[in-house]
Structure formats: structure tokens, C-alpha cells
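K.L.:
This is the content of work-v2.cif (mmCIF, C-alpha atoms):
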```
data_start
#
loop_
_atom_site.group_PDB
_atom_site.id
_atom_site.type_symbol
_atom_site.label_atom_id
_atom_site.label_comp_id
_atom_site.auth_asym_id
_atom_site.auth_seq_id
_atom_site.Cartn_x
_atom_site.Cartn_y
_atom_site.Cartn_z
ATOM 1 C CA MET Y 132 102.912 64.620 86.908
ATOM 2 C CA ASN Y 133 104.956 67.751 87.561
ATOM 3 C CA ASN Y 134 108.572 66.628 87.844
ATOM 4 C CA ASN Y 135 109.490 69.618 89.997
ATOM 5 C CA ASN Y 136 106.869 68.669 92.559
ATOM 6 C CA TYR Y 137 107.531 64.924 92.656
ATOM 7 C CA TYR Y 138 111.158 64.187 91.768
ATOM 8 C CA ALA Y 139 113.358 65.664 94.479
ATOM 9 C CA PRO Y 140 116.882 66.825 93.655
ATOM 10 C CA ILE Y 141 119.685 64.389 94.430
ATOM 11 C CA ILE Y 142 122.867 65.653 96.068
ATOM 12 C CA ILE Y 143 126.030 63.572 95.727
ATOM 13 C CA PHE Y 144 129.104 64.321 97.836
ATOM 14 C CA SER Y 145 132.487 63.150 96.608
ATOM 15 C CA TYR Y 146 136.139 63.535 97.451
ATOM 16 C CA LYS Y 147 138.833 61.173 96.119
ATOM 17 C CA ARG Y 148 137.163 57.752 95.917
ATOM 18 C CA LEU Y 149 136.774 57.183 92.192
ATOM 19 C CA GLU Y 150 135.845 53.486 92.073
ATOM 20 C CA PRO Y 151 133.198 53.697 94.816
ATOM 21 C CA LEU Y 152 131.737 56.757 93.075
ATOM 22 C CA LYS Y 153 131.509 54.813 89.813
ATOM 23 C CA LYS Y 154 129.599 52.053 91.626
ATOM 24 C CA LEU Y 155 127.221 54.606 93.131
ATOM 25 C CA ILE Y 156 126.482 56.177 89.747
ATOM 26 C CA LYS Y 157 125.922 52.730 88.224
ATOM 27 C CA SER Y 158 123.488 51.821 90.987
ATOM 28 C CA ILE Y 159 121.594 55.100 90.543
ATOM 29 C CA LYS Y 160 121.173 54.268 86.865
ATOM 30 C CA SER Y 161 119.480 51.007 87.821
ATOM 31 C CA ASN Y 162 116.524 53.137 88.995
ATOM 32 C CA LYS Y 163 114.089 53.550 86.127
ATOM 33 C CA ASP Y 164 113.257 57.260 86.543
ATOM 34 C CA TYR Y 165 116.661 58.553 87.596
ATOM 35 C CA GLN Y 166 116.869 60.954 84.647
ATOM 36 C CA LEU Y 167 113.798 62.802 85.936
ATOM 37 C CA HIS Y 168 115.773 64.049 88.941
ATOM 38 C CA LYS Y 169 118.093 67.034 89.044
ATOM 39 C CA PHE Y 170 121.578 66.119 90.257
ATOM 40 C CA TYR Y 171 124.006 68.243 92.215
ATOM 41 C CA ILE Y 172 127.500 66.790 92.608
ATOM 42 C CA PHE Y 173 129.733 68.429 95.201
ATOM 43 C CA SER Y 174 133.418 67.655 94.717
ATOM 44 C CA ASP Y 175 135.547 68.632 97.692
ATOM 45 C CA ASN Y 176 139.062 69.882 96.961
ATOM 46 C CA PHE Y 177 142.179 68.063 98.087
ATOM 47 C CA GLU Y 178 143.408 68.473 101.648
ATOM 48 C CA LYS Y 179 146.921 67.168 100.982
ATOM 49 C CA LYS Y 180 148.890 67.438 97.756
ATOM 50 C CA SER Y 181 149.095 63.655 97.707
ATOM 51 C CA ASP Y 182 145.313 63.590 97.194
ATOM 52 C CA LYS Y 183 145.332 66.040 94.282
ATOM 53 C CA SER Y 184 145.638 63.435 91.539
ATOM 54 C CA GLN Y 185 142.793 61.334 92.904
ATOM 55 C CA VAL Y 186 140.552 64.366 93.330
ATOM 56 C CA ASN Y 187 141.247 65.418 89.746
ATOM 57 C CA LYS Y 188 140.342 61.945 88.489
ATOM 58 C CA VAL Y 189 137.053 62.127 90.361
ATOM 59 C CA ARG Y 190 136.335 65.533 88.872
ATOM 60 C CA SER Y 191 137.124 64.321 85.384
ATOM 61 C CA PHE Y 192 134.714 61.431 85.868
ATOM 62 C CA CYS Y 193 131.980 63.739 87.225
ATOM 63 C CA LYS Y 194 132.134 65.791 84.047
ATOM 64 C CA LYS Y 195 131.473 62.657 81.992
ATOM 65 C CA VAL Y 196 128.498 61.366 84.005
ATOM 66 C CA ASN Y 197 125.572 61.506 81.583
ATOM 67 C CA PHE Y 198 122.802 62.794 83.797
ATOM 68 C CA LYS Y 199 120.458 64.984 81.764
ATOM 69 C CA ASN Y 200 120.053 67.595 84.483
ATOM 70 C CA LYS Y 201 123.356 67.898 86.327
ATOM 71 C CA LYS Y 202 125.300 70.621 88.077
ATOM 72 C CA ILE Y 203 128.797 70.061 89.461
ATOM 73 C CA ILE Y 204 130.167 72.193 92.284
ATOM 74 C CA PHE Y 205 133.944 72.048 92.496
ATOM 75 C CA ARG Y 206 135.060 73.293 95.886
ATOM 76 C CA LYS Y 207 137.986 75.700 95.521
ATOM 77 C CA LYS Y 208 139.359 74.658 98.906
ATOM 78 C CA ASN Y 209 139.018 71.645 101.141
ATOM 79 C CA PHE Y 210 135.836 71.774 103.200
ATOM 80 C CA GLY Y 211 136.101 68.388 104.899
ATOM 81 C CA LEU Y 212 133.251 65.881 104.950
ATOM 82 C CA ALA Y 213 130.955 67.435 107.551
ATOM 83 C CA LYS Y 214 131.199 71.035 106.307
ATOM 84 C CA ASN Y 215 130.859 69.948 102.685
ATOM 85 C CA ILE Y 216 127.654 68.048 103.406
ATOM 86 C CA ILE Y 217 126.078 70.564 105.781
ATOM 87 C CA SER Y 218 126.707 73.572 103.546
ATOM 88 C CA GLY Y 219 125.776 71.656 100.391
ATOM 89 C CA VAL Y 220 122.497 70.350 101.764
ATOM 90 C CA SER Y 221 121.641 73.771 103.189
ATOM 91 C CA LYS Y 222 122.222 75.450 99.829
ATOM 92 C CA ILE Y 223 120.243 73.013 97.694
ATOM 93 C CA ILE Y 224 117.395 72.436 100.116
ATOM 94 C CA LYS Y 225 116.863 76.185 100.344
ATOM 95 C CA ILE Y 226 116.264 76.216 96.579
ATOM 96 C CA HIS Y 227 114.121 73.099 96.238
ATOM 97 C CA GLY Y 228 112.556 72.627 99.654
ATOM 98 C CA ARG Y 229 113.739 69.020 99.932
ATOM 99 C CA ALA Y 230 116.598 66.794 98.841
ATOM 100 C CA ILE Y 231 117.898 63.243 98.637
ATOM 101 C CA VAL Y 232 121.458 62.960 99.940
ATOM 102 C CA LEU Y 233 124.113 60.424 98.929
ATOM 103 C CA GLU Y 234 127.809 59.996 99.699
ATOM 104 C CA ASP Y 235 130.236 58.523 97.211
ATOM 105 C CA ASP Y 236 130.752 55.194 98.993
ATOM 106 C CA LEU Y 237 127.131 54.049 98.789
ATOM 107 C CA ILE Y 238 125.334 51.635 96.498
ATOM 108 C CA VAL Y 239 121.566 52.068 96.220
ATOM 109 C CA GLY Y 240 118.928 49.525 95.292
ATOM 110 C CA LYS Y 241 116.916 49.666 92.080
ATOM 111 C CA ASN Y 242 113.823 50.937 93.943
ATOM 112 C CA PHE Y 243 115.667 53.440 96.107
ATOM 113 C CA LEU Y 244 114.648 56.595 94.236
ATOM 114 C CA GLU Y 245 111.032 55.498 93.961
ATOM 115 C CA PHE Y 246 110.884 54.844 97.705
ATOM 116 C CA MET Y 247 112.495 58.176 98.566
ATOM 117 C CA SER Y 248 110.303 60.158 96.163
ATOM 118 C CA ASN Y 249 107.117 58.474 97.369
ATOM 119 C CA SER Y 250 108.078 59.036 101.003
ATOM 120 C CA LEU Y 251 109.038 62.681 100.535
ATOM 121 C CA ASN Y 252 105.647 63.352 99.019
ATOM 122 C CA LYS Y 253 103.630 61.146 101.384
ATOM 123 C CA TYR Y 254 105.108 62.624 104.573
ATOM 124 C CA LYS Y 255 105.582 66.178 103.345
ATOM 125 C CA TYR Y 256 102.983 67.537 105.765
ATOM 126 C CA LYS Y 257 103.573 64.969 108.526
ATOM 127 C CA LYS Y 258 105.756 67.189 110.683
ATOM 128 C CA ARG Y 259 106.613 64.372 113.108
ATOM 129 C CA VAL Y 260 108.607 62.745 110.293
ATOM 130 C CA TRP Y 261 111.898 64.587 110.022
ATOM 131 C CA HIS Y 262 113.995 62.230 107.978
ATOM 132 C CA ILE Y 263 113.715 59.330 105.536
ATOM 133 C CA THR Y 264 116.387 56.723 104.984
ATOM 134 C CA GLY Y 265 116.851 53.973 102.452
ATOM 135 C CA TRP Y 266 118.951 51.940 104.893
ATOM 136 C CA SER Y 267 117.402 49.541 107.381
ATOM 137 C CA HIS Y 268 118.397 47.311 110.242
ATOM 138 C CA ASN Y 269 118.224 43.665 109.242
ATOM 139 C CA LEU Y 270 115.165 43.004 111.372
ATOM 140 C CA ASN Y 271 113.658 40.097 109.409
ATOM 141 C CA ILE Y 272 110.301 40.534 111.129
ATOM 142 C CA PHE Y 273 108.234 42.108 108.371
ATOM 143 C CA SER Y 274 106.073 40.620 105.671
ATOM 144 C CA LYS Y 275 106.297 41.887 102.082
ATOM 145 C CA ASN Y 276 103.537 44.390 102.874
ATOM 146 C CA GLU Y 277 105.257 45.700 105.991
ATOM 147 C CA GLN Y 278 108.576 47.059 104.784
ATOM 148 C CA ILE Y 279 108.304 50.587 106.215
ATOM 149 C CA TYR Y 280 108.623 51.442 109.895
ATOM 150 C CA PHE Y 281 109.183 54.504 112.069
ATOM 151 C CA ASN Y 282 112.234 54.982 114.249
ATOM 152 C CA ARG Y 283 113.650 57.823 116.336
ATOM 153 C CA HIS Y 284 117.191 57.075 115.153
ATOM 154 C CA MET Y 285 118.603 58.954 112.149
ATOM 155 C CA THR Y 286 120.870 57.109 109.725
ATOM 156 C CA CYS Y 287 122.914 58.765 106.987
ATOM 157 C CA TRP Y 288 123.394 55.991 104.399
ATOM 158 C CA GLY Y 289 121.093 57.391 101.726
ATOM 159 C CA TRP Y 290 118.648 59.827 103.274
ATOM 160 C CA ALA Y 291 116.265 62.692 102.550
ATOM 161 C CA THR Y 292 114.534 65.535 104.335
ATOM 162 C CA TRP Y 293 112.624 68.791 103.857
ATOM 163 C CA SER Y 294 113.715 72.407 104.364
ATOM 164 C CA ASP Y 295 111.182 73.055 107.139
ATOM 165 C CA ARG Y 296 112.796 70.271 109.163
ATOM 166 C CA TRP Y 297 116.409 70.759 108.101
ATOM 167 C CA LYS Y 298 116.256 74.325 109.429
ATOM 168 C CA TYR Y 299 116.386 72.939 112.955
ATOM 169 C CA PHE Y 300 119.672 71.143 112.354
ATOM 170 C CA GLU Y 301 122.757 72.513 114.058
ATOM 171 C CA LYS Y 302 126.100 70.881 114.715
ATOM 172 C CA ASN Y 303 126.508 71.881 118.343
ATOM 173 C CA PRO Y 304 127.487 68.948 120.587
ATOM 174 C CA ASN Y 305 128.068 71.218 123.596
ATOM 175 C CA LYS Y 306 124.463 72.400 123.451
ATOM 176 C CA ILE Y 307 123.217 68.803 123.393
ATOM 177 C CA ILE Y 308 125.490 67.792 126.257
ATOM 178 C CA ASN Y 309 124.367 70.751 128.359
ATOM 179 C CA SER Y 310 120.679 70.245 127.650
ATOM 180 C CA TRP Y 311 120.784 66.541 128.519
ATOM 181 C CA LYS Y 312 123.212 66.580 131.433
ATOM 182 C CA LYS Y 313 120.413 66.651 134.012
ATOM 183 C CA LYS Y 314 118.517 63.891 132.266
ATOM 184 C CA LYS Y 315 119.364 60.235 132.045
ATOM 185 C CA ILE Y 316 121.778 59.429 129.253
ATOM 186 C CA ASP Y 317 120.012 56.110 128.715
ATOM 187 C CA GLU Y 318 116.924 58.056 127.629
ATOM 188 C CA PHE Y 319 119.041 59.794 124.994
ATOM 189 C CA ASP Y 320 120.272 56.346 123.930
ATOM 190 C CA GLN Y 321 116.663 55.149 123.662
ATOM 191 C CA TYR Y 322 117.193 52.938 126.695
ATOM 192 C CA GLY Y 323 120.081 50.929 125.345
ATOM 193 C CA VAL Y 324 118.910 50.569 121.749
ATOM 194 C CA TYR Y 325 121.581 52.932 120.385
ATOM 195 C CA ASN Y 326 124.829 54.378 121.667
ATOM 196 C CA ASN Y 327 123.945 57.925 120.612
ATOM 197 C CA TRP Y 328 125.702 59.607 123.530
ATOM 198 C CA SER Y 329 129.134 58.310 122.516
ATOM 199 C CA GLN Y 330 128.592 59.852 119.060
ATOM 200 C CA ILE Y 331 127.931 63.252 120.667
ATOM 201 C CA ILE Y 332 131.114 62.948 122.724
ATOM 202 C CA ARG Y 333 133.120 62.031 119.605
ATOM 203 C CA ASN Y 334 131.616 65.017 117.761
ATOM 204 C CA LYS Y 335 132.748 67.294 120.585
ATOM 205 C CA LYS Y 336 136.274 65.873 120.469
#
```
Here is the file; what I need is its structure written in the form of C-alpha cells.

P.N.:
Amino acid sequence: MNNNNYYAPIIIFSYKRLEPLKKLIKSIKSNKDYQLHKFYIFSDNFEKKSDKSQVNKVRSFCKKVNFKNKKIIFRKKNFGLAKNIISGVSKIIKIHGRAIVLEDDLIVGKNFLEFMSNSLNKYKYKKRVWHITGWSHNLNIFSKNEQIYFNRHMTCWGWATWSDRWKYFEKNPNKIINSWKKKKIDEFDQYGVYNNWSQIIRNKK
């Protein structure tokens, strides 16, 4: 199997949380084929001088992480969480056409990478699928053979997507508010299932 075609690159975003990052890396290593992936680690720079020491400790640790195929991007200035992720994903996904995205406070299961890789390949040409996530609501309604379901709600706790779908992303809450203002907000909230509209308002603020 061609690794470049099957094993998507993994992007890790970090800031100053050393211990959570260590737990994330440990959990990634519980996945049997993790060394077959290319890793990109984005380390955001400190915003306040009081964060400098913690950021430097994170960067020192990143250098020591023994991934076979690893590239570390040390931001020269503070991007902030949203900008760091959006620009990082955009850069890497443009190169590879897809990516698995992780933040430094996550812990993944031992089958996480297998699930994400299988899903990225299975739904590559299914253009109605825009996003894959390794996180799930605790529904407790599925049998062992029914662990995958489709949902219109995007979650960001371990996710993946493709470049031909990511290209439609834009962080523009005003545009969303204006385009939905004549429609019912409850439709945007999937009729009470999620409180999506409040998230848009918070993004605007």
C-alpha cells in the first residue's frame, strides 16, 4: 500500500500546555501504524512574557518527540488559537490534499488513526461528507457493527477533512448572520438539537 495515498498527514497544534501534549503524544503512540504518518507540529509563540517559559518547554519537548517523519513549525509571533489552526490546516492540506487535525489537550483512542485513515479514503469521493471526527455523542444506541453515523454537526475534538471541502471554509460570522437572518434560527440549530446560533454570535463578538 502506498503510504502517501493512505496515511494522511497529522497536524498537531500546541501552545503552552506541556503535560496535556505529552498525554496526546503517548496516546498517538498507542496506534499501531502511527509511524507511517507524516507529522506537522505547529507551536504558537507566547502572547505574554509570563508564558515564554512554558512555550519554550513545549518546544523543547517537541524536538524530542521520536516521530520518524516530523516537521516542527515554530511560530515567530503569537497567532492565537483560531489563526494558528486555520492557517496551519490551509498550508498542509494544500500540500497533501487532506489532513488529520489534533489540538494539544486531546487524548485519542488506540484505533483513532485507523478509523480516520479508513474514513478519509472511503469517503474521498463522497462530496456530501465534508468532515470526519473521532469524537461521538454518548448515544448508546448502536450495536458493535453500527459504530459510524452521519451528522450535520461538526465537532473539532480530533477531526479530518479534504482540500476540496476545506476550500469552502471561511471564518465570517457576519456573512452567516446575514444569510440566515430571514430564515428561522431553529433550522440553523437543527430544530433544537444544537445551539449553533449562539456559537456564531460568540464568534462575532

K.L.:
Nearest to Ile224 (chain Y) among Y:Arg296, Y:Arg283, Y:Lys314, Y:Lys258, with distances taken over all atoms listed in the file: which residue is it?

P.N.:
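Of Y:Arg296, Y:Arg283, Y:Lys314, Y:Lys258, the one nearest Ile224 (chain Y), counting all atoms listed in the file, is Y:Arg296.
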
K.L.:
What is the CA of Ile141 (chain Y) to CA of Ala291 (chain Y) distance in Å?

P.N.:
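It comes out at 9.0 Å.
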
K.L.:
Smallest atom-to-atom distance to Asn200 (chain Y): which of Y:Tyr138, Y:Phe246, Y:Tyr325, Y:Tyr171, using all atoms listed in the file?

P.N.:
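Counting all atoms listed in the file, the residue closest to Asn200 (chain Y) is Y:Tyr171.
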
K.L.:
If the PyMOL selection byres ((chain Y and resi 203-206) around 7) is run on the structure shown, which residues does it catch, given as a ChimeraX atom specification?

P.N.:
/Y:171-176,201-202,207-209

K.L.:
Taking 4 positions as the minimum chain separation for residues in the same chain, which residues sit within 10 Å of Phe192 (chain Y) when counting only C-alpha atoms? Answer as a PDB file with C-alpha atoms, in the coordinates of the input.

P.N.:
```pdb
ATOM      1  CA  LEU Y 149     136.774  57.183  92.192  1.00  0.00           C
ATOM      2  CA  LEU Y 152     131.737  56.757  93.075  1.00  0.00           C
ATOM      3  CA  LYS Y 153     131.509  54.813  89.813  1.00  0.00           C
ATOM      4  CA  VAL Y 186     140.552  64.366  93.330  1.00  0.00           C
ATOM      5  CA  ASN Y 187     141.247  65.418  89.746  1.00  0.00           C
ATOM      6  CA  LYS Y 188     140.342  61.945  88.489  1.00  0.00           C
ATOM      7  CA  VAL Y 196     128.498  61.366  84.005  1.00  0.00           C
TER       8      VAL Y 196
END
```

K.L.:
When the PyMOL selection byres ((chain Y and resi 278) around 12) is applied to the file above, which residues end up in the set, as a PyMOL selection string?

P.N.:
chain Y and resi 246+265-277+279-281
